[in-house]
Amino acid sequence: MNTSPQVYFIGAGPGDPDLITVRGRDLVAQADLVLYAGSLVPAKVVGCARSGAVVADSAGMSLEQTHALMLETARKGGIVARVHTGDPSLFGSVREQIALLDRDGVTWAIIPGVTAAFAAAARAGVSFTVPESTQSLIITRLHGRTPVPESERLSELARHGSSVAVYLSADKAGELASQLRQAGSPENTVIVIGHKVGHPGEKIIRTTLSELEESVQADNITRQAVFLVLPKETAPQIQSRLYDASFGHGFREALRPQTWSRMAVYAMTSQGLGLARRIAAMAPADLFATSRLAEDRAAHDRVQGFERIADQVRVNFPLYHAHVFVAATGIVVRSIAPLLQSKTTDPAVVVCDQNGEHVVSLLSGHLGGANDLARRIAAHVGGRSVITTATDTAGKPAIDTLAQNRDCAIADPSRLAGLNSVLAEGGRVTVHDPENRLGLSGNDDLKDSFELVKETQAQVLVSWKNAKAEGLILHPRCLCAGIGCRRGVSRDEILTAISQVMTAHELASGSLIALASVELKADEEGLLEAARQLGLPLEFFEASMLDETEVPNPSERVREKIGVGSVCEAAAIQAALKSAPAARLIVPKTISGNVTVAICLAG
């Protein structure tokens with residue numbers, strides 16, 4: 001039985017021969033029959049058809065005629081390239097063609113193409129999505145010979161405020177404008193008209209709703225046009241968080257902003273502002289209040305005003321490690337809800353009533369420190385802390401708090417909840433921690449909650465190795481990487497060298513606590529950038545100190561150049577001794593191109 005496609009429905013793109021996909025062009029070049037919609041697809045698009053292939057324009061054919069041609073070729077063992085304009089799955093007629101092929105046992109496949117809306121947006125240099133303004137694109141058409149469901153009329157769809165691409169409506173500019181106005185679209189709404197996109201004589205016209213009909217008439221547009229309705233094109237410029245240094249994801253660690261060590265404190269009323277000022281005096285903090293309150297204060301008071309608290313919180317949320325609100329809890333919840341990402345990265349959020357009677361830990365109670373912050377604020381203002389996390393209300397320790405207090409990275413935070421539930425219900429959790437990094441050995445206060453075991457298959461495994469286990473893995477931050485490098489080495493080369501060493505020795509990246517080098521490298525930009533990328537402190541030591549450090553692999557050549565017999569090994573050892581009374585070199589000097597790396601275990 002032949003299972004390979006015999007008919008390929010190929011998206012030709014908007015008309016430019018260079019905008020058909022490589023896969024589509026290759027299939028056209030291989031096909032025995034090339035059947036293209038000549039009314040919309042220029043002949044140049046299928047000009048790559050091989051010599052001897054049948055190339056036919058389907059513009060004047062019926063469905064039955066095109067099917068007969070495809071069936072005849074397929075039954076002879078040939079390949080058919082059925083070329084449609086744009087993308088075959090959008091306003092195409094592939095469903096009925098596929099139904100006939102299925103009926104006759106002919107196999108088929110669809111090759112996507114670039115649709116006119118995307119090509120027009122590219123030509124116009126506009127974006128359908130605008131950060132924090134619109135994240136949706138609606139593709140539709142106006143009513144014509146093919147009816148449009150009442151619920152999908154443009155006057156209904158445009159009410160969403162999303163970007164809209166309107167096809168097959170070139171001669172209906174008046175109706176398009178009318179339906180947009182029915183939806184409440186402002187007269188200054190930006191509309192891009194893509195006329196004959198990808199064809200000779202292409203026009204890209206930027207206009208507004210108020211001038212739409214005039215623009216269409218002036219350029220005599222009656223067919224082959226797509227309208228891009230862009231209600232947020234003139235919205236204030238807000239940068240996407242994707243490349244924001246403070247926004248971490250699976251391929252990049254977040255870099256904390258300079259304000260991260262401070263609190264943001266918010267007030268909504270005069271009485272609340274007085275309490276907010278008392279809270280802000282506890283620790284480094286920035287004070288925010290409604291514009292009315294901020295304007296009433298003297299300039300030296302340094303109260304920053306806002307019109308809408310949700311807007312201010314959206315700006316502030318990634319900038320501060322803690323947010324304290326003297327406000328109603330409901331307002332705070334609505335403000336922070338769209339901003340939440342993960343319990344491991346979200347900042348602490350605490351809410352107080354304006355009398356200071358109740359101080360609620362609302363978000364990131366353990367890892368973010370909101371529980372502890374709520375207790376400290378309550379003690380400072382004479383109120384009562386409100387803590388709702390299960391382990392705290394049960395008077396039991398939490399794994400994440402223990403890990404944080406003992407400076408351990410949590411490999412998979414999703415495994416925390418189950419273990420904390422066991423603790424909250426009075427159960428014991430088994431822990432394999434041969435170096436006593438959690439300090440459980442001899443700790444009578446925790447013996448009812450944790451049981452130290454020798455087996456590695458425990459519920460909690462504490463290790464600076466890249467271990468695999470079914471339970472929760474904690475990586476103690478105890479590894480220091482000493483780095484030596486030539487002048488001008490790039491950040492990426494340094495990061496690659498560190499990664500290769502860590503991988504080769506099965507060391508956990510979460511256990512890295514610092515990078516270190518000789519003081520002569522304090523201005524080495526690649527080294528500085530590597531530390532920033534990893535989110536690690538970078539320690540520099542005087543050459544004399546490093547030269548006095550006993551290492552297994554000193555180098556006279558290095559001593560001749562910079563006056564010290566070892567950089568990476570000695571720096572790793574000194575960095576480890578700075579954080580612990582003992583140090584052990586576990587990876588000696590390893591050369592990787594222009595970089596040398598050594599790893600030392602602290603403690």
# chains A, B, ... in the order shown; residues from 1 in each chain; ligands from 1
>>> residues_around(residues="region 411-413 of chain A", least_positions_apart="4", cutoff="9 Å", atoms="only C-alpha atoms", output="list in words")
Lys343, Thr344, Asp400, Ala417, Leu472, Ile473, Leu474, His475 and Gly510 of chain A
>>> residues_around(residues="Ala602 (chain A)", least_positions_apart="3", cutoff="12 Å", atoms="only C-alpha atoms", output="list in words")
Glu435, Arg437, Trp464, Pro476, Arg477, Cys478, Leu479, Cys480, Ala481, Ser511, Leu512, Ile513, Ala514, Ala572, Ile573, Gln574, Ala575, Ala576, Leu577, Lys578, Ser579, Ala580, Pro581, Ala582, Ala583, Arg584, Leu585, Ile586 and Ile599 of chain A
>>> residues_around(residues="region 310-327 of chain A", least_positions_apart="3", cutoff="7 Å", atoms="only C-alpha atoms", output="MDAnalysis selection string")
chainID A and resid 246 257 259:268 272 276 306 335 347:354
>>> write_last_selection(atoms="N, CA and C atoms", output="PDB file, in the first residue's frame")
ATOM      1  N   SER A 246      16.283  41.123  33.638  1.00  0.00           N
ATOM      2  CA  SER A 246      15.698  40.663  34.897  1.00  0.00           C
ATOM      3  C   SER A 246      14.696  39.535  34.687  1.00  0.00           C
ATOM      4  N   PRO A 257      18.031  43.411  39.262  1.00  0.00           N
ATOM      5  CA  PRO A 257      18.294  44.846  39.105  1.00  0.00           C
ATOM      6  C   PRO A 257      18.903  45.428  40.373  1.00  0.00           C
ATOM      7  N   THR A 259      17.855  47.671  42.244  1.00  0.00           N
ATOM      8  CA  THR A 259      16.856  47.950  43.281  1.00  0.00           C
ATOM      9  C   THR A 259      16.390  46.689  44.006  1.00  0.00           C
ATOM     10  N   TRP A 260      16.856  45.509  43.596  1.00  0.00           N
ATOM     11  CA  TRP A 260      16.306  44.258  44.116  1.00  0.00           C
ATOM     12  C   TRP A 260      16.440  44.151  45.639  1.00  0.00           C
ATOM     13  N   SER A 261      17.488  44.700  46.217  1.00  0.00           N
ATOM     14  CA  SER A 261      17.697  44.588  47.664  1.00  0.00           C
ATOM     15  C   SER A 261      16.745  45.472  48.467  1.00  0.00           C
ATOM     16  N   ARG A 262      15.991  46.322  47.798  1.00  0.00           N
ATOM     17  CA  ARG A 262      15.088  47.243  48.474  1.00  0.00           C
ATOM     18  C   ARG A 262      13.646  46.715  48.461  1.00  0.00           C
ATOM     19  N   MET A 263      12.810  47.281  49.335  1.00  0.00           N
ATOM     20  CA  MET A 263      11.381  46.986  49.321  1.00  0.00           C
ATOM     21  C   MET A 263      10.651  48.100  48.577  1.00  0.00           C
ATOM     22  N   ALA A 264       9.517  47.749  47.987  1.00  0.00           N
ATOM     23  CA  ALA A 264       8.589  48.756  47.464  1.00  0.00           C
ATOM     24  C   ALA A 264       7.388  48.765  48.394  1.00  0.00           C
ATOM     25  N   VAL A 265       7.044  49.947  48.928  1.00  0.00           N
ATOM     26  CA  VAL A 265       5.937  50.073  49.874  1.00  0.00           C
ATOM     27  C   VAL A 265       4.893  51.008  49.265  1.00  0.00           C
ATOM     28  N   TYR A 266       3.625  50.571  49.276  1.00  0.00           N
ATOM     29  CA  TYR A 266       2.563  51.292  48.583  1.00  0.00           C
ATOM     30  C   TYR A 266       1.489  51.737  49.582  1.00  0.00           C
ATOM     31  N   ALA A 267       0.934  52.925  49.337  1.00  0.00           N
ATOM     32  CA  ALA A 267      -0.154  53.434  50.173  1.00  0.00           C
ATOM     33  C   ALA A 267      -1.258  54.007  49.289  1.00  0.00           C
ATOM     34  N   MET A 268      -2.505  53.857  49.765  1.00  0.00           N
ATOM     35  CA  MET A 268      -3.663  54.322  49.002  1.00  0.00           C
ATOM     36  C   MET A 268      -4.422  55.453  49.702  1.00  0.00           C
ATOM     37  N   GLY A 272      -2.987  55.401  55.550  1.00  0.00           N
ATOM     38  CA  GLY A 272      -2.119  54.328  55.078  1.00  0.00           C
ATOM     39  C   GLY A 272      -0.718  54.817  54.775  1.00  0.00           C
ATOM     40  N   ALA A 276       2.746  53.309  55.957  1.00  0.00           N
ATOM     41  CA  ALA A 276       3.722  52.916  54.937  1.00  0.00           C
ATOM     42  C   ALA A 276       5.078  53.545  55.207  1.00  0.00           C
ATOM     43  N   PHE A 306       1.469  57.581  41.694  1.00  0.00           N
ATOM     44  CA  PHE A 306       0.948  56.767  40.595  1.00  0.00           C
ATOM     45  C   PHE A 306      -0.535  57.075  40.422  1.00  0.00           C
ATOM     46  N   SER A 335      -3.909  43.278  41.094  1.00  0.00           N
ATOM     47  CA  SER A 335      -2.735  43.947  40.525  1.00  0.00           C
ATOM     48  C   SER A 335      -1.602  42.981  40.223  1.00  0.00           C
ATOM     49  N   PRO A 347       8.669  37.726  43.770  1.00  0.00           N
ATOM     50  CA  PRO A 347       9.073  38.420  44.994  1.00  0.00           C
ATOM     51  C   PRO A 347       8.047  38.224  46.110  1.00  0.00           C
ATOM     52  N   ALA A 348       8.426  38.594  47.319  1.00  0.00           N
ATOM     53  CA  ALA A 348       7.513  38.523  48.463  1.00  0.00           C
ATOM     54  C   ALA A 348       6.457  39.616  48.343  1.00  0.00           C
ATOM     55  N   VAL A 349       5.223  39.282  48.727  1.00  0.00           N
ATOM     56  CA  VAL A 349       4.141  40.268  48.755  1.00  0.00           C
ATOM     57  C   VAL A 349       3.466  40.187  50.119  1.00  0.00           C
ATOM     58  N   VAL A 350       3.387  41.336  50.792  1.00  0.00           N
ATOM     59  CA  VAL A 350       2.754  41.443  52.107  1.00  0.00           C
ATOM     60  C   VAL A 350       1.702  42.541  52.047  1.00  0.00           C
ATOM     61  N   VAL A 351       0.552  42.311  52.683  1.00  0.00           N
ATOM     62  CA  VAL A 351      -0.545  43.283  52.680  1.00  0.00           C
ATOM     63  C   VAL A 351      -0.907  43.649  54.115  1.00  0.00           C
ATOM     64  N   CYS A 352      -1.057  44.955  54.379  1.00  0.00           N
ATOM     65  CA  CYS A 352      -1.454  45.439  55.703  1.00  0.00           C
ATOM     66  C   CYS A 352      -2.722  46.276  55.582  1.00  0.00           C
ATOM     67  N   ASP A 353      -3.574  46.223  56.604  1.00  0.00           N
ATOM     68  CA  ASP A 353      -4.670  47.193  56.659  1.00  0.00           C
ATOM     69  C   ASP A 353      -4.093  48.517  57.146  1.00  0.00           C
ATOM     70  N   GLN A 354      -4.806  49.624  56.900  1.00  0.00           N
ATOM     71  CA  GLN A 354      -4.242  50.939  57.192  1.00  0.00           C
ATOM     72  C   GLN A 354      -4.063  51.210  58.690  1.00  0.00           C
TER      73      GLN A 354
END
>>> atom_distance(atom1="CA of Val197 (chain A)", atom2="CA of Ala117 (chain A)")
8.8 Å
>>> atom_distance(atom1="CA of Leu520 (chain A)", atom2="CA of Lys561 (chain A)")
11.3 Å
>>> select_by_dssp(residues="region 392-450 of chain A", states="strand (DSSP E)", output="list of chain:residue names")
A:Cys408, A:Ala409, A:Ile410, A:Val429, A:Thr430, A:Val431, A:His432, A:Phe450
>>> write_last_selection(atoms="N, CA and C atoms", output="short mmCIF file (atom, residue, chain, number, x, y, z; two decimals), in the first residue's frame")
data_model
loop_
_atom_site.label_atom_id
_atom_site.label_comp_id
_atom_site.auth_asym_id
_atom_site.auth_seq_id
_atom_site.Cartn_x
_atom_site.Cartn_y
_atom_site.Cartn_z
N CYS A 408 20.93 26.37 50.01
CA CYS A 408 20.88 25.26 49.05
C CYS A 408 19.93 25.61 47.91
N ALA A 409 20.33 25.27 46.69
CA ALA A 409 19.46 25.45 45.52
C ALA A 409 18.53 24.26 45.41
N ILE A 410 17.31 24.51 45.02
CA ILE A 410 16.31 23.45 44.88
C ILE A 410 16.24 23.04 43.42
N VAL A 429 10.38 13.12 57.22
CA VAL A 429 10.95 13.06 55.88
C VAL A 429 12.37 12.52 55.98
N THR A 430 12.69 11.52 55.16
CA THR A 430 14.04 10.95 55.17
C THR A 430 14.98 11.83 54.35
N VAL A 431 16.21 12.00 54.87
CA VAL A 431 17.19 12.89 54.24
C VAL A 431 18.54 12.19 54.16
N HIS A 432 19.13 12.20 52.97
CA HIS A 432 20.51 11.71 52.80
C HIS A 432 21.40 12.94 52.63
N PHE A 450 12.65 15.25 60.59
CA PHE A 450 13.57 14.73 59.59
C PHE A 450 14.34 13.54 60.15
#
>>> atom_distance(atom1="CA of Leu367 (chain A)", atom2="CA of Ser342 (chain A)")
10.5 Å
>>> closest_residue(among="A:Ala12, A:Leu212, A:Ala516, A:Leu180", to="Thr85 (chain A)", atoms="only C-alpha atoms")
A:Ala12
>>> select_by_dssp(residues="region 286-472 of chain A", states="alpha helix (DSSP H)", output="ChimeraX atom specification")
/A:291-296,309-316,329-336,370-381,390-393,399-405,416-424
>>> residues_around(residues="Ala469 (chain A)", least_positions_apart="2", cutoff="10 Å", atoms="only C-alpha atoms", output="PyMOL selection string")
chain A and resi 456-461+466-467+471-473
>>> closest_residue(among="A:Val332, A:Ala543, A:Ala598, A:Leu527", to="Glu569 (chain A)", atoms="only C-alpha atoms")
A:Ala598
>>> closest_residue(among="A:Thr290, A:Ser51, A:Thr401, A:Asn594", to="Val303 (chain A)", atoms="only C-alpha atoms")
A:Thr290
>>> residues_around(residues="region 385-398 of chain A", least_positions_apart="5", cutoff="6 Å", atoms="only C-alpha atoms", output="PyMOL selection string")
chain A and resi 358-361+374-375+378+420+424
>>> write_last_selection(atoms="N, CA, C and O atoms", output="PDB file, in the first residue's frame")
ATOM      1  N   HIS A 358      -3.451  43.919  61.029  1.00  0.00           N
ATOM      2  CA  HIS A 358      -3.181  42.624  60.410  1.00  0.00           C
ATOM      3  C   HIS A 358      -2.146  42.790  59.300  1.00  0.00           C
ATOM      4  O   HIS A 358      -2.277  43.674  58.442  1.00  0.00           O
ATOM      5  N   VAL A 359      -1.145  41.931  59.324  1.00  0.00           N
ATOM      6  CA  VAL A 359      -0.078  41.948  58.320  1.00  0.00           C
ATOM      7  C   VAL A 359      -0.070  40.579  57.654  1.00  0.00           C
ATOM      8  O   VAL A 359       0.340  39.584  58.264  1.00  0.00           O
ATOM      9  N   VAL A 360      -0.543  40.526  56.415  1.00  0.00           N
ATOM     10  CA  VAL A 360      -0.795  39.261  55.735  1.00  0.00           C
ATOM     11  C   VAL A 360       0.351  38.906  54.790  1.00  0.00           C
ATOM     12  O   VAL A 360       0.720  39.702  53.924  1.00  0.00           O
ATOM     13  N   SER A 361       0.896  37.699  54.955  1.00  0.00           N
ATOM     14  CA  SER A 361       1.859  37.159  53.989  1.00  0.00           C
ATOM     15  C   SER A 361       1.056  36.598  52.829  1.00  0.00           C
ATOM     16  O   SER A 361       0.400  35.564  52.961  1.00  0.00           O
ATOM     17  N   ALA A 374       6.453  39.490  57.063  1.00  0.00           N
ATOM     18  CA  ALA A 374       5.182  39.808  57.721  1.00  0.00           C
ATOM     19  C   ALA A 374       5.354  39.817  59.240  1.00  0.00           C
ATOM     20  O   ALA A 374       4.815  40.689  59.947  1.00  0.00           O
ATOM     21  N   ARG A 375       6.107  38.871  59.765  1.00  0.00           N
ATOM     22  CA  ARG A 375       6.337  38.820  61.212  1.00  0.00           C
ATOM     23  C   ARG A 375       7.119  40.041  61.678  1.00  0.00           C
ATOM     24  O   ARG A 375       6.816  40.633  62.735  1.00  0.00           O
ATOM     25  N   ALA A 378       4.875  43.154  61.541  1.00  0.00           N
ATOM     26  CA  ALA A 378       3.891  43.118  62.623  1.00  0.00           C
ATOM     27  C   ALA A 378       4.533  43.509  63.949  1.00  0.00           C
ATOM     28  O   ALA A 378       3.954  44.282  64.740  1.00  0.00           O
ATOM     29  N   ASN A 420       6.266  19.014  51.982  1.00  0.00           N
ATOM     30  CA  ASN A 420       5.764  19.956  52.990  1.00  0.00           C
ATOM     31  C   ASN A 420       4.431  19.491  53.556  1.00  0.00           C
ATOM     32  O   ASN A 420       4.116  19.735  54.726  1.00  0.00           O
ATOM     33  N   ALA A 424       3.626  19.007  57.413  1.00  0.00           N
ATOM     34  CA  ALA A 424       2.503  19.709  58.020  1.00  0.00           C
ATOM     35  C   ALA A 424       1.577  18.754  58.766  1.00  0.00           C
ATOM     36  O   ALA A 424       0.941  19.127  59.759  1.00  0.00           O
TER      37      ALA A 424
END
>>> residues_around(residues="region 165-172 of chain A", least_positions_apart="3", cutoff="6 Å", atoms="only C-alpha atoms", output="PyMOL selection string")
chain A and resi 139-142+175+222-223+225-228
>>> decode(residues="region 479-490 of chain A", atoms="all heavy atoms", output="JSON list (two decimals), in the first residue's frame")
[["chain", "number", "residue", "atom", "x", "y", "z"],
["A", 479, "LEU", "N", 30.57, 25.30, 45.79],
["A", 479, "LEU", "CA", 31.62, 25.13, 44.78],
["A", 479, "LEU", "C", 32.08, 26.49, 44.28],
["A", 479, "LEU", "O", 31.26, 27.35, 43.91],
["A", 479, "LEU", "CB", 31.09, 24.30, 43.60],
["A", 479, "LEU", "CG", 30.60, 22.89, 43.91],
["A", 479, "LEU", "CD1", 30.14, 22.20, 42.63],
["A", 479, "LEU", "CD2", 31.68, 22.07, 44.62],
["A", 480, "CYS", "N", 33.38, 26.68, 44.27],
["A", 480, "CYS", "CA", 33.97, 27.92, 43.76],
["A", 480, "CYS", "C", 34.79, 27.59, 42.51],
["A", 480, "CYS", "O", 35.60, 26.66, 42.53],
["A", 480, "CYS", "CB", 34.88, 28.56, 44.81],
["A", 480, "CYS", "SG", 34.00, 29.03, 46.31],
["A", 481, "ALA", "N", 34.55, 28.36, 41.46],
["A", 481, "ALA", "CA", 35.27, 28.14, 40.20],
["A", 481, "ALA", "C", 36.35, 29.19, 40.03],
["A", 481, "ALA", "O", 36.06, 30.39, 39.95],
["A", 481, "ALA", "CB", 34.29, 28.19, 39.02],
["A", 482, "GLY", "N", 37.61, 28.74, 40.00],
["A", 482, "GLY", "CA", 38.71, 29.65, 39.71],
["A", 482, "GLY", "C", 38.91, 29.73, 38.20],
["A", 482, "GLY", "O", 38.87, 28.71, 37.51],
["A", 483, "ILE", "N", 39.09, 30.95, 37.69],
["A", 483, "ILE", "CA", 39.18, 31.17, 36.24],
["A", 483, "ILE", "C", 40.46, 31.89, 35.89],
["A", 483, "ILE", "O", 40.79, 32.94, 36.46],
["A", 483, "ILE", "CB", 37.99, 32.02, 35.74],
["A", 483, "ILE", "CG1", 36.65, 31.44, 36.21],
["A", 483, "ILE", "CG2", 38.04, 32.14, 34.21],
["A", 483, "ILE", "CD1", 36.31, 30.09, 35.64],
["A", 484, "GLY", "N", 41.20, 31.34, 34.96],
["A", 484, "GLY", "CA", 42.32, 32.04, 34.34],
["A", 484, "GLY", "C", 42.00, 32.21, 32.87],
["A", 484, "GLY", "O", 41.34, 31.35, 32.27],
["A", 485, "CYS", "N", 42.42, 33.30, 32.28],
["A", 485, "CYS", "CA", 42.09, 33.52, 30.86],
["A", 485, "CYS", "C", 43.05, 34.50, 30.22],
["A", 485, "CYS", "O", 43.67, 35.32, 30.89],
["A", 485, "CYS", "CB", 40.66, 34.03, 30.72],
["A", 485, "CYS", "SG", 40.33, 35.60, 31.55],
["A", 486, "ARG", "N", 43.14, 34.40, 28.93],
["A", 486, "ARG", "CA", 43.94, 35.35, 28.16],
["A", 486, "ARG", "C", 43.17, 36.65, 27.98],
["A", 486, "ARG", "O", 41.95, 36.68, 28.09],
["A", 486, "ARG", "CB", 44.30, 34.77, 26.80],
["A", 486, "ARG", "CG", 45.28, 33.60, 26.89],
["A", 486, "ARG", "CD", 45.68, 33.11, 25.50],
["A", 486, "ARG", "NE", 46.62, 32.00, 25.58],
["A", 486, "ARG", "CZ", 47.09, 31.36, 24.53],
["A", 486, "ARG", "NH1", 46.68, 31.71, 23.30],
["A", 486, "ARG", "NH2", 47.94, 30.36, 24.68],
["A", 487, "ARG", "N", 43.88, 37.70, 27.66],
["A", 487, "ARG", "CA", 43.26, 39.00, 27.45],
["A", 487, "ARG", "C", 42.28, 38.94, 26.27],
["A", 487, "ARG", "O", 42.56, 38.33, 25.25],
["A", 487, "ARG", "CB", 44.31, 40.07, 27.17],
["A", 487, "ARG", "CG", 44.97, 40.63, 28.41],
["A", 487, "ARG", "CD", 43.99, 41.44, 29.23],
["A", 487, "ARG", "NE", 44.54, 41.89, 30.49],
["A", 487, "ARG", "CZ", 43.82, 42.44, 31.45],
["A", 487, "ARG", "NH1", 42.51, 42.56, 31.29],
["A", 487, "ARG", "NH2", 44.38, 42.83, 32.57],
["A", 488, "GLY", "N", 41.12, 39.58, 26.46],
["A", 488, "GLY", "CA", 40.15, 39.69, 25.38],
["A", 488, "GLY", "C", 39.27, 38.48, 25.17],
["A", 488, "GLY", "O", 38.51, 38.42, 24.21],
["A", 489, "VAL", "N", 39.37, 37.48, 26.06],
["A", 489, "VAL", "CA", 38.54, 36.28, 25.89],
["A", 489, "VAL", "C", 37.07, 36.66, 26.04],
["A", 489, "VAL", "O", 36.71, 37.55, 26.81],
["A", 489, "VAL", "CB", 38.94, 35.20, 26.90],
["A", 489, "VAL", "CG1", 38.57, 35.60, 28.33],
["A", 489, "VAL", "CG2", 38.30, 33.87, 26.57],
["A", 490, "SER", "N", 36.21, 36.00, 25.29],
["A", 490, "SER", "CA", 34.79, 36.35, 25.29],
["A", 490, "SER", "C", 34.04, 35.71, 26.46],
["A", 490, "SER", "O", 34.48, 34.71, 27.03],
["A", 490, "SER", "CB", 34.13, 35.92, 23.98],
["A", 490, "SER", "OG", 34.02, 34.51, 23.92]]
